[in-house]
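Enquirer: My structure file query-v9.cif, mmCIF, C-alpha atoms, is below:
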```cif
data_target
#
loop_
_atom_site.label_atom_id
_atom_site.label_comp_id
_atom_site.auth_asym_id
_atom_site.auth_seq_id
_atom_site.Cartn_x
_atom_site.Cartn_y
_atom_site.Cartn_z
CA MET A 1 97.98 136.31 105.88
CA LEU A 2 96.31 132.92 106.33
CA VAL A 3 96.00 131.47 102.83
CA SER A 4 95.13 128.16 101.19
CA LEU A 5 97.70 125.64 100.09
CA LYS A 6 96.66 126.03 96.47
CA GLU A 7 97.60 129.71 96.52
CA VAL A 8 101.22 129.11 97.46
CA VAL A 9 102.08 125.86 95.69
CA GLU A 10 100.81 126.92 92.27
CA ASP A 11 103.22 129.86 92.27
CA ALA A 12 105.98 127.60 93.56
CA ARG A 13 105.45 125.16 90.70
CA ALA A 14 105.45 127.93 88.11
CA GLN A 15 108.64 129.49 89.51
CA GLN A 16 110.40 126.19 90.31
CA TYR A 17 110.79 126.51 94.05
CA ALA A 18 109.14 124.64 96.92
CA VAL A 19 107.29 125.95 99.96
CA PRO A 20 108.65 124.59 103.26
CA ALA A 21 106.09 122.75 105.38
CA PHE A 22 106.96 122.25 109.03
CA ASP A 23 105.10 120.06 111.50
CA CYS A 24 104.85 122.04 114.73
CA ILE A 25 103.47 121.35 118.19
CA ASN A 26 103.91 124.47 120.34
CA ASP A 27 104.74 128.15 120.64
CA VAL A 28 108.51 127.59 120.49
CA MET A 29 108.21 126.00 117.06
CA VAL A 30 105.47 128.24 115.65
CA ARG A 31 107.15 131.47 116.70
CA THR A 32 110.62 130.45 115.56
CA ILE A 33 109.40 129.23 112.17
CA LEU A 34 107.24 132.29 111.49
CA ASP A 35 109.94 134.74 112.59
CA LYS A 36 112.54 133.14 110.34
CA ALA A 37 110.17 132.77 107.38
CA GLU A 38 109.25 136.44 107.62
CA GLN A 39 112.90 137.41 107.86
CA GLN A 40 113.62 135.39 104.73
CA ARG A 41 110.47 136.66 102.93
CA SER A 42 109.25 133.12 102.37
CA PRO A 43 105.75 131.66 102.32
CA VAL A 44 105.45 128.91 104.89
CA ILE A 45 103.15 126.01 105.76
CA LEU A 46 102.53 125.19 109.43
CA MET A 47 101.34 121.61 109.77
CA CYS A 48 99.61 119.84 112.65
CA LEU A 49 99.46 116.10 113.23
CA GLU A 50 96.50 114.18 114.58
CA HIS A 51 98.10 112.94 117.80
CA ASN A 52 99.07 116.51 118.77
CA LEU A 53 95.63 117.86 117.93
CA ARG A 54 94.01 115.03 119.92
CA GLU A 55 95.84 116.01 123.09
CA ARG A 56 93.66 117.83 125.61
CA LYS A 57 92.58 121.10 123.93
CA GLY A 58 95.10 120.40 121.17
CA PHE A 59 93.06 122.15 118.49
CA VAL A 60 92.81 125.22 120.70
CA TYR A 61 96.50 125.44 121.57
CA LEU A 62 97.59 124.87 117.96
CA ALA A 63 94.92 126.08 115.52
CA GLU A 64 93.55 128.95 117.59
CA TYR A 65 97.04 130.11 118.57
CA ILE A 66 98.31 130.03 115.00
CA LYS A 67 95.26 131.88 113.69
CA ALA A 68 95.76 134.54 116.36
CA VAL A 69 99.39 135.29 115.50
CA VAL A 70 99.35 134.96 111.69
CA PRO A 71 97.77 138.42 111.11
CA PHE A 72 100.87 139.97 112.68
CA TYR A 73 103.11 138.53 109.94
CA ASP A 74 103.19 139.90 106.41
CA ILE A 75 103.95 136.62 104.62
CA PRO A 76 101.55 133.96 103.32
CA VAL A 77 100.97 131.27 105.94
CA VAL A 78 99.05 128.03 105.41
CA LEU A 79 97.48 126.24 108.38
CA HIS A 80 97.56 122.63 107.24
CA LEU A 81 96.20 119.40 108.70
CA ASP A 82 98.86 116.75 108.07
CA HIS A 83 98.05 113.09 107.46
CA ALA A 84 94.38 112.90 108.37
CA MET A 85 93.26 109.29 108.04
CA ASP A 86 89.51 109.87 108.25
CA VAL A 87 86.85 112.43 107.36
CA GLU A 88 85.93 113.10 110.99
CA LEU A 89 89.31 114.68 111.71
CA VAL A 90 88.99 116.79 108.56
CA GLU A 91 85.60 118.03 109.72
CA GLU A 92 87.07 119.08 113.03
CA ALA A 93 89.94 120.85 111.29
CA ILE A 94 87.46 122.75 109.14
CA LYS A 95 85.58 123.76 112.27
CA PHE A 96 88.81 125.21 113.73
CA GLY A 97 89.67 127.20 110.62
CA PHE A 98 92.39 125.21 108.88
CA SER A 99 93.04 126.59 105.41
CA SER A 100 94.31 123.28 104.04
CA VAL A 101 93.96 119.58 104.83
CA MET A 102 95.71 116.40 103.79
CA ILE A 103 93.68 113.23 103.57
CA ASP A 104 95.91 110.17 103.56
CA GLY A 105 94.31 107.21 101.84
CA SER A 106 97.63 105.98 100.49
CA SER A 107 97.45 102.65 102.30
CA LEU A 108 94.04 101.92 100.74
CA PRO A 109 93.36 100.28 97.37
CA PHE A 110 93.37 102.79 94.51
CA GLN A 111 89.59 103.15 94.14
CA ASN A 112 89.10 103.45 97.92
CA ASN A 113 91.75 106.19 98.04
CA ILE A 114 89.85 108.01 95.29
CA ALA A 115 86.54 107.69 97.14
CA LEU A 116 87.95 108.93 100.44
CA THR A 117 89.77 111.84 98.82
CA LYS A 118 86.68 112.84 96.82
CA ARG A 119 84.63 113.00 100.03
CA VAL A 120 87.17 115.40 101.49
CA THR A 121 87.42 117.66 98.41
CA ASP A 122 83.62 117.84 98.23
CA LEU A 123 83.57 118.85 101.88
CA SER A 124 86.49 121.30 101.76
CA HIS A 125 86.37 123.12 98.44
CA PRO A 126 83.04 124.91 99.01
CA ARG A 127 84.68 126.44 102.10
CA GLY A 128 87.78 127.59 100.19
CA ILE A 129 89.98 124.95 101.82
CA SER A 130 92.67 123.20 99.77
CA VAL A 131 93.13 119.44 99.79
CA GLU A 132 96.32 117.41 99.50
CA ALA A 133 96.19 113.65 98.96
CA GLU A 134 98.80 110.91 98.61
CA LEU A 135 99.22 108.43 95.78
CA GLY A 136 101.72 105.64 96.23
CA HIS A 137 102.84 105.41 99.84
CA VAL A 138 105.60 107.12 101.80
CA GLY A 139 106.47 104.78 104.66
CA GLY A 140 107.84 105.40 108.13
CA ALA A 141 106.14 105.07 111.49
CA GLU A 142 107.35 108.14 113.35
CA LEU A 143 104.43 110.54 113.00
CA GLY A 144 102.37 109.18 115.86
CA GLY A 145 99.90 107.39 113.61
CA ASP A 146 99.54 104.13 111.73
CA TYR A 147 101.00 105.16 108.37
CA GLY A 148 102.78 101.90 107.58
CA SER A 149 106.52 101.35 107.45
CA ASP A 150 106.98 100.23 103.83
CA SER A 151 107.05 102.70 100.95
CA LYS A 152 105.45 102.09 97.57
CA LEU A 153 106.45 104.28 94.62
CA THR A 154 103.75 106.29 92.89
CA GLU A 155 102.61 104.85 89.56
CA PRO A 156 102.59 107.61 86.89
CA SER A 157 99.83 105.75 85.02
CA GLN A 158 97.42 106.34 87.94
CA VAL A 159 98.11 110.04 88.47
CA GLU A 160 95.90 111.61 85.80
CA ALA A 161 92.82 109.57 86.69
CA PHE A 162 93.31 110.12 90.42
CA ILE A 163 93.48 113.90 90.05
CA GLU A 164 90.56 114.03 87.63
CA LYS A 165 88.29 111.92 89.84
CA THR A 166 89.18 113.60 93.15
CA ASN A 167 89.73 117.24 92.10
CA VAL A 168 92.61 117.38 94.58
CA ASP A 169 94.79 120.54 94.77
CA ALA A 170 98.18 118.96 95.49
CA LEU A 171 99.50 115.43 95.27
CA ALA A 172 102.00 113.85 97.64
CA VAL A 173 104.07 111.32 95.73
CA SER A 174 106.39 108.51 96.76
CA ILE A 175 109.70 108.78 94.92
CA GLY A 176 112.16 107.31 97.40
CA THR A 177 111.74 109.10 100.73
CA SER A 178 110.29 107.93 104.03
CA HIS A 179 109.18 109.61 107.23
CA GLY A 180 111.63 109.94 110.09
CA VAL A 181 115.40 109.65 110.45
CA TYR A 182 117.12 107.71 107.68
CA GLN A 183 119.35 104.76 108.52
CA ALA A 184 120.95 105.06 105.07
CA GLU A 185 121.04 107.92 102.60
CA PRO A 186 117.87 107.98 100.47
CA PHE A 187 117.99 107.99 96.70
CA LEU A 188 115.21 109.89 94.94
CA ASN A 189 113.85 108.48 91.71
CA ILE A 190 114.05 111.65 89.62
CA GLU A 191 113.04 109.88 86.40
CA ARG A 192 109.85 108.71 88.12
CA THR A 193 109.28 112.28 89.33
CA LYS A 194 109.62 113.58 85.76
CA GLU A 195 107.07 111.04 84.52
CA ILE A 196 104.62 112.00 87.26
CA ASN A 197 105.08 115.72 86.68
CA LYS A 198 104.34 115.37 82.97
CA VAL A 199 100.87 113.99 83.64
CA SER A 200 100.00 115.84 86.86
CA LYS A 201 97.77 118.90 86.58
CA VAL A 202 98.53 119.85 90.18
CA PRO A 203 101.71 120.63 92.14
CA LEU A 204 103.55 117.71 93.73
CA VAL A 205 104.49 117.25 97.38
CA LEU A 206 107.52 115.51 98.86
CA HIS A 207 107.07 113.90 102.28
CA GLY A 208 110.10 112.84 104.30
CA GLY A 209 112.23 115.80 103.23
CA SER A 210 114.45 115.69 106.32
CA GLY A 211 117.82 114.07 105.74
CA THR A 212 117.46 113.96 101.97
CA PRO A 213 120.61 115.16 100.16
CA PRO A 214 120.24 118.80 99.07
CA ASP A 215 121.15 118.15 95.44
CA GLN A 216 118.41 115.53 95.18
CA ILE A 217 115.88 117.89 96.79
CA GLN A 218 116.71 120.62 94.28
CA LYS A 219 116.51 118.20 91.36
CA ALA A 220 113.07 117.11 92.54
CA ILE A 221 111.98 120.76 92.75
CA GLU A 222 113.09 121.30 89.17
CA ASN A 223 110.75 118.48 88.21
CA GLY A 224 107.52 119.49 89.92
CA ILE A 225 107.95 119.19 93.70
CA SER A 226 106.37 122.37 95.10
CA LYS A 227 105.98 121.54 98.81
CA VAL A 228 108.49 119.73 101.01
CA ASN A 229 107.48 118.33 104.40
CA LEU A 230 110.05 118.72 107.18
CA TYR A 231 109.96 117.50 110.76
CA ALA A 232 112.80 115.16 111.76
CA ASP A 233 115.51 117.76 111.05
CA CYS A 234 113.66 120.23 113.27
CA ARG A 235 113.43 117.70 116.09
CA ILE A 236 117.12 116.89 115.81
CA ALA A 237 117.99 120.61 115.96
CA MET A 238 115.80 121.15 119.02
CA THR A 239 117.43 118.19 120.76
CA LYS A 240 120.85 119.73 120.17
CA GLY A 241 119.55 122.95 121.67
CA LEU A 242 118.19 121.15 124.73
CA LYS A 243 121.52 119.43 125.33
CA GLU A 244 123.34 122.73 125.00
CA SER A 245 120.88 124.40 127.33
CA ALA A 246 121.31 121.68 129.95
CA LYS A 247 125.07 122.17 129.94
CA GLN A 248 124.88 125.95 130.23
CA ILE A 249 122.23 126.33 132.91
CA ARG A 250 123.91 126.77 136.30
CA ARG A 251 120.96 127.74 138.46
CA ILE A 252 118.19 125.55 139.78
CA ASP A 253 115.55 127.97 138.51
CA PRO A 254 116.67 129.33 135.12
CA LEU A 255 114.61 131.93 133.32
CA PRO A 256 112.48 130.26 130.62
CA GLU A 257 113.89 132.56 127.93
CA ASP A 258 117.40 131.37 128.82
CA LEU A 259 116.29 127.77 128.93
CA PHE A 260 114.70 127.83 125.47
CA ALA A 261 117.15 130.18 123.74
CA PRO A 262 119.49 127.43 122.42
CA VAL A 263 116.48 125.41 121.25
CA LYS A 264 115.17 128.36 119.26
CA GLU A 265 118.62 129.16 117.91
CA HIS A 266 119.26 125.67 116.56
CA LEU A 267 115.73 125.40 115.16
CA ALA A 268 115.97 128.82 113.49
CA HIS A 269 119.20 127.77 111.80
CA VAL A 270 117.55 124.69 110.29
CA VAL A 271 114.48 126.63 109.19
CA GLU A 272 116.64 129.21 107.41
CA GLU A 273 118.75 126.47 105.85
CA LYS A 274 115.65 124.72 104.48
CA ILE A 275 114.09 127.91 103.14
CA ILE A 276 117.25 128.70 101.19
CA LEU A 277 117.56 125.10 100.00
CA LEU A 278 114.00 125.13 98.66
CA ARG A 279 114.56 128.54 97.03
CA SER A 280 111.48 129.99 98.70
CA ASN A 281 113.33 133.00 100.14
CA ASN A 282 112.56 136.45 98.71
CA ARG A 283 109.33 135.22 97.10
CA VAL A 284 106.98 137.61 98.93
#
```
Could you render the structure from this file as structure tokens?

Expert:
Amino acid sequence: MLVSLKEVVEDARAQQYAVPAFDCINDVMVRTILDKAEQQRSPVILMCLEHNLRERKGFVYLAEYIKAVVPFYDIPVVLHLDHAMDVELVEEAIKFGFSSVMIDGSSLPFQNNIALTKRVTDLSHPRGISVEAELGHVGGAELGGDYGSDSKLTEPSQVEAFIEKTNVDALAVSIGTSHGVYQAEPFLNIERTKEINKVSKVPLVLHGGSGTPPDQIQKAIENGISKVNLYADCRIAMTKGLKESAKQIRRIDPLPEDLFAPVKEHLAHVVEEKIILLRSNNRV
């Protein structure tokens, strides 16, 4: 089932679990993630980044492929545009059938972020498409775009007005994470998360979930985080699989299924681990 983001995160917030959201770029990732999510009876969010969609026929090989396979799975699946920086990309995502979009105006002044987000909700909601926005700023420059390297914590005092003026469905907040691989262990500001959750009418999103200590992730979920974005841990797992594959392959022309088997195995392990960590297993 292809569903909107709003449908899955509202239940997650009510039941105090989080829906895993994985950036994915090809069949190996999509198939492995969907197979494991179905096995674990978990809703799942498949996310696509601009630089992957902008590759030649990127929308076709990602959006059209995902839409084609989702009906063969009996779990809720969200097709989500991750970190759009402008309305034009959102319009293209709508054209290709995304059920959810994120507009990232977090590097803009507060009122400009509101204006940009409002344009996207006005465009998306009449089509049944959910919108995620970001308030504060989660830094890190590893997503292939210009997202800025420095993080800025979300101000609880701005949350209520931002949601009211934009009519957004989910809010990504900055509470101590960053995108990419951490050089030092992150420390989540749970007290700030509690303050934000008290005034937020919508579910909260944690970006930069990879590498964050499990106990901190679960504490954040208990205080309103209903979607956790994951990418770096998947990339690390796939790299391990590639190295293992390279050591095992003895022929000059290995079968593709043998070549990719360790990659899928390591990725599947991480996906299952994250689903259980976020408590989204056995929810559907």

Enquirer: Apply the PyMOL selection byres ((chain A and resi 133) around 9) to the displayed file and report the matching residues as a list in words.

Expert: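 For this structure, the PyMOL selection byres ((chain A and resi 133) around 9) resolves to His83, Val101, Met102, Ile103, Asp104, Gly105, Ser106, Asn113, Thr117, Val131, Glu132, Glu134, Leu135, Val168, Asp169, Ala170, Leu171, Ala172 and Val173 of chain A.
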
Enquirer: Quote the spacing between CA of Glu164 (chain A) and CA of Arg13 (chain A) in Å to one decimal place.

Expert: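 CA of Arg13 (chain A) lies 18.8 Å from CA of Glu164 (chain A).
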
Enquirer: Could you work out how far CA of Ile175 (chain A) lies from CA of Asn52 (chain A), giving the answer in Å with one decimal?

Expert: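 Interatomic distance, CA of Asn52 (chain A) to CA of Ile175 (chain A): 27.2 Å.
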
Enquirer: When you look at region 213-216 of chain A with a cut-off of 10 Å (counting only C-alpha atoms), what residues show up, excluding the ones that are within fewer than 6 positions of it in the same chain? I need them as a count of residues only.

Expert: 10

Enquirer: What is the CA of His137 (chain A)-CA of Val271 (chain A) distance in Å, reported with one decimal?

Expert: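 Calculated distance between CA of His137 (chain A) and CA of Val271 (chain A) is 25.9 Å.
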
Enquirer: Counting only C-alpha atoms, what is within 10 Å of Val270 (chain A), bar same-chain residues fewer than 3 positions away, as JSON, numbers by chain?

Expert: {"A": [33, 36, 233, 234, 235, 236, 237, 238, 264, 265, 266, 267, 273, 274, 275, 276]}

Enquirer: Got a sec: who's within 7 Å of Ile75 (chain A), counting only C-alpha atoms, leaving out chain neighbours fewer than 6 positions off, as a tab-separated table (two decimals) with C-alpha atoms, in the coordinates of the input?

Expert:
```
chain	number	residue	atom	x	y	z
A	1	MET	CA	97.98	136.31	105.88
A	38	GLU	CA	109.25	136.44	107.62
A	41	ARG	CA	110.47	136.66	102.93
A	42	SER	CA	109.25	133.12	102.37
A	43	PRO	CA	105.75	131.66	102.32
A	284	VAL	CA	106.98	137.61	98.93
```

Enquirer: Starting from the PyMOL selection byres ((chain A and resi 203) around 9), expand the selection into actual residues of this file and give them as a list in words.

Expert: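 Checking the PyMOL selection byres ((chain A and resi 203) around 9) against this file, the residues are Lys6, Val9, Glu10, Ala12, Arg13, Asp169, Ala170, Leu171, Ala172, Asn197, Ser200, Lys201, Val202, Leu204, Val205, Gly224, Ile225, Ser226 and Lys227 of chain A.
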
Enquirer: Could you save those same residues with C-alpha atoms as a PDB file, keeping the file's coordinate frame?

Expert:
```pdb
ATOM      1  CA  LYS A   6      96.660 126.030  96.470  1.00  0.00           C
ATOM      2  CA  VAL A   9     102.080 125.860  95.690  1.00  0.00           C
ATOM      3  CA  GLU A  10     100.810 126.920  92.270  1.00  0.00           C
ATOM      4  CA  ALA A  12     105.980 127.600  93.560  1.00  0.00           C
ATOM      5  CA  ARG A  13     105.450 125.160  90.700  1.00  0.00           C
ATOM      6  CA  ASP A 169      94.790 120.540  94.770  1.00  0.00           C
ATOM      7  CA  ALA A 170      98.180 118.960  95.490  1.00  0.00           C
ATOM      8  CA  LEU A 171      99.500 115.430  95.270  1.00  0.00           C
ATOM      9  CA  ALA A 172     102.000 113.850  97.640  1.00  0.00           C
ATOM     10  CA  ASN A 197     105.080 115.720  86.680  1.00  0.00           C
ATOM     11  CA  SER A 200     100.000 115.840  86.860  1.00  0.00           C
ATOM     12  CA  LYS A 201      97.770 118.900  86.580  1.00  0.00           C
ATOM     13  CA  VAL A 202      98.530 119.850  90.180  1.00  0.00           C
ATOM     14  CA  LEU A 204     103.550 117.710  93.730  1.00  0.00           C
ATOM     15  CA  VAL A 205     104.490 117.250  97.380  1.00  0.00           C
ATOM     16  CA  GLY A 224     107.520 119.490  89.920  1.00  0.00           C
ATOM     17  CA  ILE A 225     107.950 119.190  93.700  1.00  0.00           C
ATOM     18  CA  SER A 226     106.370 122.370  95.100  1.00  0.00           C
ATOM     19  CA  LYS A 227     105.980 121.540  98.810  1.00  0.00           C
TER      20      LYS A 227
END
```

Enquirer: Can you turn the PyMOL selection byres ((chain A and resi 57-62) around 10) into a concrete residue list for this file, as a list of chain:residue names?

Expert: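 When the PyMOL selection byres ((chain A and resi 57-62) around 10) is applied to the shown file, the picked residues are A:Cys24, A:Ile25, A:Asn26, A:Asp27, A:Val30, A:Leu46, A:Met47, A:Cys48, A:Glu50, A:His51, A:Asn52, A:Leu53, A:Arg54, A:Glu55, A:Arg56, A:Ala63, A:Glu64, A:Tyr65, A:Ile66, A:Lys67, A:Ala68, A:Leu79, A:Glu92, A:Ala93, A:Lys95, A:Phe96, A:Gly97.
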
Enquirer: At a cut-off of 12 Å around the point (94.5, 100.7, 96.1) (file coordinates), what residues fall inside when counting only C-alpha atoms? I'd like the answer as a PDB file with C-alpha atoms, in the coordinates of the input.

Expert:
```pdb
ATOM      1  CA  GLY A 105      94.310 107.210 101.840  1.00  0.00           C
ATOM      2  CA  SER A 106      97.630 105.980 100.490  1.00  0.00           C
ATOM      3  CA  SER A 107      97.450 102.650 102.300  1.00  0.00           C
ATOM      4  CA  LEU A 108      94.040 101.920 100.740  1.00  0.00           C
ATOM      5  CA  PRO A 109      93.360 100.280  97.370  1.00  0.00           C
ATOM      6  CA  PHE A 110      93.370 102.790  94.510  1.00  0.00           C
ATOM      7  CA  GLN A 111      89.590 103.150  94.140  1.00  0.00           C
ATOM      8  CA  ASN A 112      89.100 103.450  97.920  1.00  0.00           C
ATOM      9  CA  ASN A 113      91.750 106.190  98.040  1.00  0.00           C
ATOM     10  CA  ILE A 114      89.850 108.010  95.290  1.00  0.00           C
ATOM     11  CA  ALA A 115      86.540 107.690  97.140  1.00  0.00           C
ATOM     12  CA  LEU A 116      87.950 108.930 100.440  1.00  0.00           C
ATOM     13  CA  GLU A 134      98.800 110.910  98.610  1.00  0.00           C
ATOM     14  CA  LEU A 135      99.220 108.430  95.780  1.00  0.00           C
ATOM     15  CA  GLY A 136     101.720 105.640  96.230  1.00  0.00           C
ATOM     16  CA  HIS A 137     102.840 105.410  99.840  1.00  0.00           C
ATOM     17  CA  LYS A 152     105.450 102.090  97.570  1.00  0.00           C
ATOM     18  CA  THR A 154     103.750 106.290  92.890  1.00  0.00           C
ATOM     19  CA  GLU A 155     102.610 104.850  89.560  1.00  0.00           C
ATOM     20  CA  GLN A 158      97.420 106.340  87.940  1.00  0.00           C
ATOM     21  CA  PHE A 162      93.310 110.120  90.420  1.00  0.00           C
TER      22      PHE A 162
END
```

Enquirer: Which is closest to Val228 (chain A) among A:Thr121, A:Gln248, A:Ser280, A:Gln40, if we use only C-alpha atoms?

Expert: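 Comparing A:Thr121, A:Gln248, A:Ser280, A:Gln40 against Val228 (chain A), the winner is A:Ser280.
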
Enquirer: Have a look at A:Val28, A:Ser4, A:Arg192, A:Ile129 and name the one nearest to Leu259 (chain A); count only C-alpha atoms.

Expert: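 Comparing A:Val28, A:Ser4, A:Arg192, A:Ile129 against Leu259 (chain A), the winner is A:Val28.
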
Enquirer: Using only C-alpha atoms, can you tell me which of A:Pro262, A:Lys194, A:Pro76, A:Ala268 comes closest to Asp11 (chain A)?

Expert: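 Once distances to Asp11 (chain A) are computed over only C-alpha atoms, the minimum belongs to A:Pro76.
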
Enquirer: Would you mind telling me which residue in A:Asp74, A:Glu272, A:Asp23, A:Asp35 lies nearest to Leu230 (chain A) when using all atoms listed in the file?

Expert: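 Comparing A:Asp74, A:Glu272, A:Asp23, A:Asp35 against Leu230 (chain A), the winner is A:Asp23.
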